[in-house]
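> So here's target-v4.csv (CSV, C-alpha atoms).
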```
chain,number,residue,atom,x,y,z
O,96,MET,CA,58.7,-37.0,-13.5
O,97,SER,CA,60.6,-40.3,-13.7
O,98,THR,CA,59.7,-43.1,-16.1
O,99,SER,CA,58.6,-45.3,-13.2
O,100,ASN,CA,56.3,-42.5,-11.8
O,101,LYS,CA,54.8,-41.9,-15.3
O,102,GLY,CA,54.0,-45.6,-15.5
O,103,PHE,CA,52.4,-45.6,-12.1
O,104,SER,CA,50.2,-42.6,-13.0
O,105,ILE,CA,49.1,-44.2,-16.3
O,106,ALA,CA,48.2,-47.4,-14.5
O,107,LEU,CA,46.3,-45.4,-11.9
O,108,LEU,CA,44.2,-43.6,-14.5
O,109,PHE,CA,43.4,-46.8,-16.3
O,110,GLY,CA,42.4,-48.4,-13.0
O,111,VAL,CA,40.0,-45.4,-12.1
O,112,ALA,CA,38.4,-45.6,-15.6
O,113,ALA,CA,37.9,-49.3,-15.2
O,114,ALA,CA,36.3,-48.8,-11.8
O,115,LEU,CA,34.0,-46.1,-13.0
O,116,SER,CA,32.9,-48.3,-16.0
O,117,GLY,CA,32.3,-51.2,-13.7
O,118,CYS,CA,30.0,-49.1,-11.5
O,119,GLY,CA,27.3,-49.3,-14.2
O,120,GLU,CA,25.4,-46.8,-16.3
O,121,SER,CA,25.6,-43.1,-16.6
O,122,THR,CA,23.3,-40.8,-14.6
O,123,ASP,CA,21.0,-40.5,-17.6
O,124,GLU,CA,20.7,-44.2,-18.0
O,125,LEU,CA,20.0,-44.7,-14.3
O,126,ASP,CA,17.3,-42.0,-14.5
O,127,ASP,CA,15.7,-43.7,-17.4
O,128,LYS,CA,15.5,-47.0,-15.5
O,129,LEU,CA,14.1,-45.4,-12.3
O,130,THR,CA,10.3,-45.4,-12.5
O,131,HIS,CA,7.7,-44.2,-10.1
O,132,GLN,CA,4.0,-45.1,-9.8
O,133,ALA,CA,0.8,-43.2,-9.2
O,134,ASN,CA,-2.8,-44.6,-8.9
O,135,MET,CA,-5.8,-42.6,-9.9
O,136,SER,CA,-9.5,-43.2,-9.6
O,137,PHE,CA,-11.9,-41.1,-11.6
O,138,ILE,CA,-15.2,-39.5,-10.5
O,139,ASN,CA,-17.6,-38.2,-13.0
O,140,SER,CA,-20.2,-35.9,-11.4
O,141,LEU,CA,-21.1,-34.3,-14.7
O,142,ASP,CA,-24.5,-34.7,-16.3
O,143,TYR,CA,-23.2,-37.0,-19.1
O,144,MET,CA,-21.0,-40.0,-19.7
O,145,ALA,CA,-17.4,-39.0,-20.0
O,146,ASP,CA,-13.9,-40.3,-20.9
O,147,PHE,CA,-10.9,-39.5,-18.7
O,148,HIS,CA,-7.5,-39.0,-20.4
O,149,VAL,CA,-3.9,-39.1,-19.0
O,150,LYS,CA,-0.8,-38.1,-20.9
O,151,LYS,CA,2.8,-37.1,-19.9
O,152,ARG,CA,3.1,-33.4,-20.1
O,153,SER,CA,5.8,-31.7,-22.3
O,154,ILE,CA,6.5,-28.0,-21.9
O,155,SER,CA,7.0,-27.7,-25.6
O,156,THR,CA,3.8,-29.3,-26.7
O,157,GLY,CA,1.4,-28.3,-23.9
O,158,TYR,CA,-1.9,-30.3,-24.2
O,159,SER,CA,-1.3,-31.6,-27.7
O,160,GLY,CA,-2.5,-35.1,-28.2
O,161,LEU,CA,-4.1,-35.4,-24.7
O,162,PHE,CA,-7.5,-36.4,-26.2
O,163,ASP,CA,-6.1,-39.0,-28.6
O,164,SER,CA,-7.9,-42.4,-28.1
O,165,ASP,CA,-4.7,-44.1,-26.9
O,166,ASN,CA,-4.6,-41.8,-23.8
O,167,ILE,CA,-8.0,-42.9,-22.4
O,168,ALA,CA,-7.4,-44.0,-18.8
O,169,ALA,CA,-11.2,-44.6,-18.0
O,170,GLY,CA,-13.7,-44.6,-20.8
O,171,ASP,CA,-17.5,-44.3,-20.8
O,172,VAL,CA,-17.8,-43.4,-17.1
O,173,GLU,CA,-21.5,-42.9,-16.4
O,174,ALA,CA,-22.8,-39.6,-15.1
O,175,ASN,CA,-22.5,-39.4,-11.3
O,176,ALA,CA,-20.4,-42.6,-11.1
O,177,VAL,CA,-16.9,-43.7,-10.2
O,178,GLY,CA,-14.7,-45.1,-13.0
O,179,SER,CA,-12.0,-47.7,-12.9
O,180,ARG,CA,-8.7,-47.5,-11.0
O,181,TYR,CA,-5.7,-46.6,-13.2
O,182,ASN,CA,-2.0,-47.2,-12.6
O,183,TYR,CA,0.4,-44.7,-14.2
O,184,SER,CA,4.1,-45.5,-14.4
O,185,TYR,CA,6.5,-42.7,-15.2
O,186,LYS,CA,10.2,-41.9,-15.2
O,187,VAL,CA,11.2,-39.9,-12.2
O,188,ILE,CA,12.2,-37.0,-14.3
O,189,ASN,CA,8.9,-36.9,-16.1
O,190,ASN,CA,6.5,-36.4,-13.2
O,191,MET,CA,4.2,-33.8,-14.9
O,192,ILE,CA,1.0,-35.0,-16.5
O,193,ASN,CA,-1.9,-33.6,-18.4
O,194,LEU,CA,-5.4,-34.7,-17.3
O,195,GLY,CA,-8.5,-34.3,-19.4
O,196,VAL,CA,-12.2,-35.2,-19.4
O,197,LYS,CA,-14.4,-35.3,-22.5
O,198,ASP,CA,-18.0,-36.0,-23.2
O,199,SER,CA,-18.0,-39.6,-24.5
O,200,ILE,CA,-20.6,-38.7,-27.2
O,201,ASN,CA,-20.0,-35.0,-28.0
O,202,ALA,CA,-16.3,-34.3,-28.3
O,203,ASN,CA,-16.8,-30.6,-28.0
O,204,LYS,CA,-17.2,-30.8,-24.2
O,205,GLU,CA,-13.7,-30.9,-22.9
O,206,GLU,CA,-11.8,-29.8,-19.8
O,207,ARG,CA,-8.1,-30.2,-19.0
O,208,ILE,CA,-5.6,-29.4,-16.3
O,209,ASN,CA,-2.0,-30.4,-15.5
O,210,THR,CA,-0.5,-31.6,-12.2
O,211,THR,CA,2.8,-32.9,-10.7
O,212,LEU,CA,3.0,-36.4,-9.3
O,213,SER,CA,4.9,-37.8,-6.4
O,214,ASN,CA,5.9,-41.5,-6.1
O,215,ASN,CA,3.1,-43.7,-4.9
O,216,ASP,CA,0.4,-41.0,-5.1
O,217,ASP,CA,-3.1,-42.4,-4.7
O,218,LEU,CA,-5.5,-39.8,-6.2
O,219,TRP,CA,-9.1,-38.9,-6.9
O,220,VAL,CA,-9.6,-37.1,-10.2
O,221,ILE,CA,-12.9,-35.4,-10.1
O,222,ALA,CA,-14.9,-33.9,-13.0
O,223,TRP,CA,-17.5,-31.5,-11.7
O,224,GLN,CA,-19.6,-28.5,-12.8
O,225,SER,CA,-20.8,-25.2,-11.4
O,226,SER,CA,-23.2,-22.8,-13.0
O,227,GLY,CA,-22.8,-24.7,-16.3
O,228,LYS,CA,-19.0,-24.5,-16.2
O,229,ARG,CA,-16.9,-27.7,-16.2
O,230,ALA,CA,-13.8,-28.3,-14.0
O,231,LEU,CA,-11.3,-31.0,-13.0
O,232,SER,CA,-9.8,-31.3,-9.6
O,233,VAL,CA,-7.2,-33.7,-8.1
O,234,ILE,CA,-7.1,-34.6,-4.4
O,235,ASP,CA,-5.4,-37.3,-2.4
O,236,LYS,CA,-7.3,-40.3,-1.3
O,237,LYS,CA,-7.5,-40.7,2.5
O,238,GLN,CA,-9.1,-43.0,5.0
O,239,ASN,CA,-10.2,-42.4,8.6
O,240,ASN,CA,-12.1,-45.6,9.4
O,241,THR,CA,-13.9,-45.7,12.8
O,242,ALA,CA,-16.2,-48.3,14.0
O,243,ASP,CA,-20.0,-47.6,14.1
O,244,VAL,CA,-19.9,-44.4,12.1
O,245,PHE,CA,-19.7,-43.2,8.5
O,246,ASN,CA,-16.6,-41.1,8.0
O,247,VAL,CA,-17.1,-38.8,5.1
O,248,ARG,CA,-15.4,-35.9,3.3
O,249,LEU,CA,-17.3,-33.5,1.2
O,250,PHE,CA,-16.2,-32.1,-2.2
O,251,ALA,CA,-18.7,-29.3,-3.2
O,252,ASN,CA,-19.2,-27.2,-6.2
O,253,GLY,CA,-20.2,-24.2,-4.1
O,254,GLU,CA,-20.6,-22.8,-0.6
O,255,TYR,CA,-23.2,-24.8,1.4
O,256,ASP,CA,-24.0,-25.1,5.1
O,257,VAL,CA,-23.4,-28.6,6.4
O,258,SER,CA,-25.1,-30.0,9.5
O,259,ILE,CA,-24.9,-33.3,11.5
O,260,ASP,CA,-28.0,-34.2,13.5
O,261,ASP,CA,-29.4,-30.7,12.7
O,262,LYS,CA,-26.3,-28.9,14.1
O,263,LYS,CA,-24.3,-26.8,11.7
O,264,VAL,CA,-20.6,-28.0,11.6
O,265,LEU,CA,-19.1,-26.1,8.6
O,266,THR,CA,-19.7,-24.4,5.3
O,267,THR,CA,-18.1,-25.9,2.2
O,268,LYS,CA,-15.8,-24.1,-0.2
O,269,LYS,CA,-16.2,-24.3,-3.9
O,270,GLY,CA,-13.8,-26.9,-5.4
O,271,ARG,CA,-12.4,-27.8,-2.0
O,272,VAL,CA,-12.6,-30.9,0.1
O,273,THR,CA,-13.5,-30.9,3.8
O,274,ALA,CA,-12.0,-32.7,6.7
O,275,PHE,CA,-13.6,-36.0,7.7
O,276,LEU,CA,-17.0,-35.8,9.5
O,277,ALA,CA,-18.4,-38.7,11.6
O,278,VAL,CA,-22.1,-39.5,10.9
O,279,SER,CA,-24.0,-42.1,12.9
O,280,ASN,CA,-27.4,-41.8,11.3
O,281,CYS,CA,-27.1,-43.0,7.7
O,282,ALA,CA,-30.5,-41.9,6.5
O,283,ASN,CA,-30.7,-38.2,7.5
O,284,GLY,CA,-27.9,-37.4,10.0
O,285,LEU,CA,-25.9,-35.5,7.4
O,286,LYS,CA,-27.4,-32.5,5.5
O,287,VAL,CA,-25.9,-30.3,2.9
O,288,ALA,CA,-27.8,-27.1,2.0
O,289,ASN,CA,-30.6,-28.5,4.1
O,290,GLN,CA,-30.7,-31.6,1.8
O,291,ALA,CA,-30.5,-35.0,3.6
O,292,ILE,CA,-27.6,-37.1,2.3
O,293,ASP,CA,-28.4,-40.8,2.2
O,294,LEU,CA,-25.4,-42.8,3.3
O,295,CYS,CA,-27.2,-46.1,3.9
O,296,ALA,CA,-25.8,-47.7,0.7
O,297,GLY,CA,-22.4,-47.7,2.4
O,298,ASN,CA,-21.0,-49.5,5.4
O,299,PHE,CA,-20.5,-48.4,9.0
O,300,GLY,CA,-16.9,-48.0,9.9
O,301,ALA,CA,-15.8,-47.1,6.3
O,302,SER,CA,-14.6,-43.8,4.8
O,303,TYR,CA,-16.2,-42.1,1.9
O,304,LEU,CA,-15.8,-39.1,-0.4
O,305,LEU,CA,-19.1,-37.4,-1.3
O,306,VAL,CA,-19.3,-35.0,-4.3
O,307,VAL,CA,-22.2,-32.7,-3.5
O,308,ASP,CA,-24.1,-29.7,-4.9
O,309,SER,CA,-27.1,-27.6,-3.8
O,310,ASN,CA,-29.4,-30.6,-4.5
O,311,GLY,CA,-27.5,-33.0,-2.3
O,312,LYS,CA,-25.3,-36.0,-3.1
O,313,ARG,CA,-24.1,-36.6,-6.7
O,314,VAL,CA,-21.5,-39.3,-6.1
O,315,MET,CA,-20.5,-41.4,-3.1
O,316,ALA,CA,-17.1,-43.1,-3.4
O,317,GLU,CA,-15.3,-45.3,-0.9
O,318,GLU,CA,-11.9,-43.9,0.0
```
Kindly return the structure encoded in the file as structure tokens.

Amino acid sequence: MSTSNKGFSIALLFGVAAALSGCGESTDELDDKLTHQANMSFINSLDYMADFHVKKRSISTGYSGLFDSDNIAAGDVEANAVGSRYNYSYKVINNMINLGVKDSINANKEERINTTLSNNDDLWVIAWQSSGKRALSVIDKKQNNTADVFNVRLFANGEYDVSIDDKKVLTTKKGRVTAFLAVSNCANGLKVANQAIDLCAGNFGASYLLVVDSNGKRVMAEE
């Protein structure tokens, strides 16, 4: 190779390096700056006041540190009530989280799960119980607003027949949420396990999630 060609090659290499440097950070640095968001609302259908915890999940540490006080996302949520809305920011490469619920008074009552987030998730985190056993479930929030009716989804702790205006429409599945049901009579149009579900505290045209058991409604939460 001639001296002039060598000089051209060296200049080209320096030019490429400078261009790459000018493009900005490395892939790792860009990943670190790219953050996603998820919103969570907490439903406590347990028989006692509870704290909800959220923590980034690490494969190496599992659930370690989840129930530390600085990981409380919603504290002292009353029995059969809806807690505050919580916004969680995370690096795109760290989209696995641990979720936990704990008795606010007696720390020995704990339950935990892990889940994977997607950007802009809007979620219900539901603490529930069946035959004395506690559980946590995560479902997407949804809306199906229609004028002049209550649009409701049911989350049940067992298998129960559901009727609207005394006509059976479905049977719930344990730990699963139903599709939306349209109910026009707020007082006794909807029944679960033959128990009337009072919806009159809500608004016609709005969408609701109902957490139910064999005795009827435990929690009513607007979607």
> Report, in Å to a single decimal, how far apart CA of Ile234 (chain O) and CA of Ser213 (chain O) are.
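Interatomic distance here is 12.6 Å.
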> Hey, what's within 9 Å of Ala291 (chain O) if we count all atoms listed in the file and toss same-chain stuff fewer than 4 positions away? As a PDB file with C-alpha atoms, in the coordinates of the input, please?

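After the write, part_23.pdb holds the following:
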```
ATOM      1  CA  ALA O 282     -30.500 -41.900   6.500  1.00  0.00           C
ATOM      2  CA  ASN O 283     -30.700 -38.200   7.500  1.00  0.00           C
ATOM      3  CA  GLY O 284     -27.900 -37.400  10.000  1.00  0.00           C
ATOM      4  CA  LEU O 285     -25.900 -35.500   7.400  1.00  0.00           C
ATOM      5  CA  LYS O 286     -27.400 -32.500   5.500  1.00  0.00           C
ATOM      6  CA  VAL O 287     -25.900 -30.300   2.900  1.00  0.00           C
ATOM      7  CA  GLY O 311     -27.500 -33.000  -2.300  1.00  0.00           C
ATOM      8  CA  LYS O 312     -25.300 -36.000  -3.100  1.00  0.00           C
TER       9      LYS O 312
END
```
> Any idea what the distance is between CA of Ser184 (chain O) and CA of Gln132 (chain O)?
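Distance reported for this atom pair: 4.6 Å.
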> Return the single residue from O:Ala230, O:Val196, O:Ile138, O:Ile208 that is closest to Leu305 (chain O), with distances computed using all atoms listed in the file.
O:Ile138
> In Å, how far is it from CA of Val264 (chain O) to CA of Glu317 (chain O)?
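Separation of CA of Val264 (chain O) and CA of Glu317 (chain O): 22.0 Å.
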> Would you please work out which residue, of O:Arg248, O:Val233, O:Asn289, O:Ala296, is nearest to Asp260 (chain O) when using only C-alpha atoms?
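Of the candidates, the smallest distance to Asp260 (chain O) is held by O:Asn289.
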> With all atoms listed in the file as the atoms that count, which of O:Ser179, O:Met191, O:Ile167, O:Ala277 lies nearest to Ile154 (chain O)?
O:Met191
> Nearest residue to Gly170 (chain O) out of O:Phe245, O:Tyr255, O:Trp223, O:Phe137, using all atoms listed in the file?
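Closest candidate: O:Phe137.
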> May I ask which of the residues O:Val307, O:Ile259, O:Val278, O:Met135 is the closest one to Ala168 (chain O), counting all atoms listed in the file?
O:Met135
> Using all atoms listed in the file, find the one residue out of O:Asn246, O:Ser309, O:Asn166, O:Ser153 that sits nearest to Thr210 (chain O).
O:Ser153
> So that I can see what lies close to Lys204 (chain O), please list as number ranges by chain the residues with an atom at most 12 Å from it, counting all atoms listed in the file and leaving out residues fewer than 2 positions away in the same chain.
O: 141-146, 162, 195-202, 206-207, 222, 224, 227-230
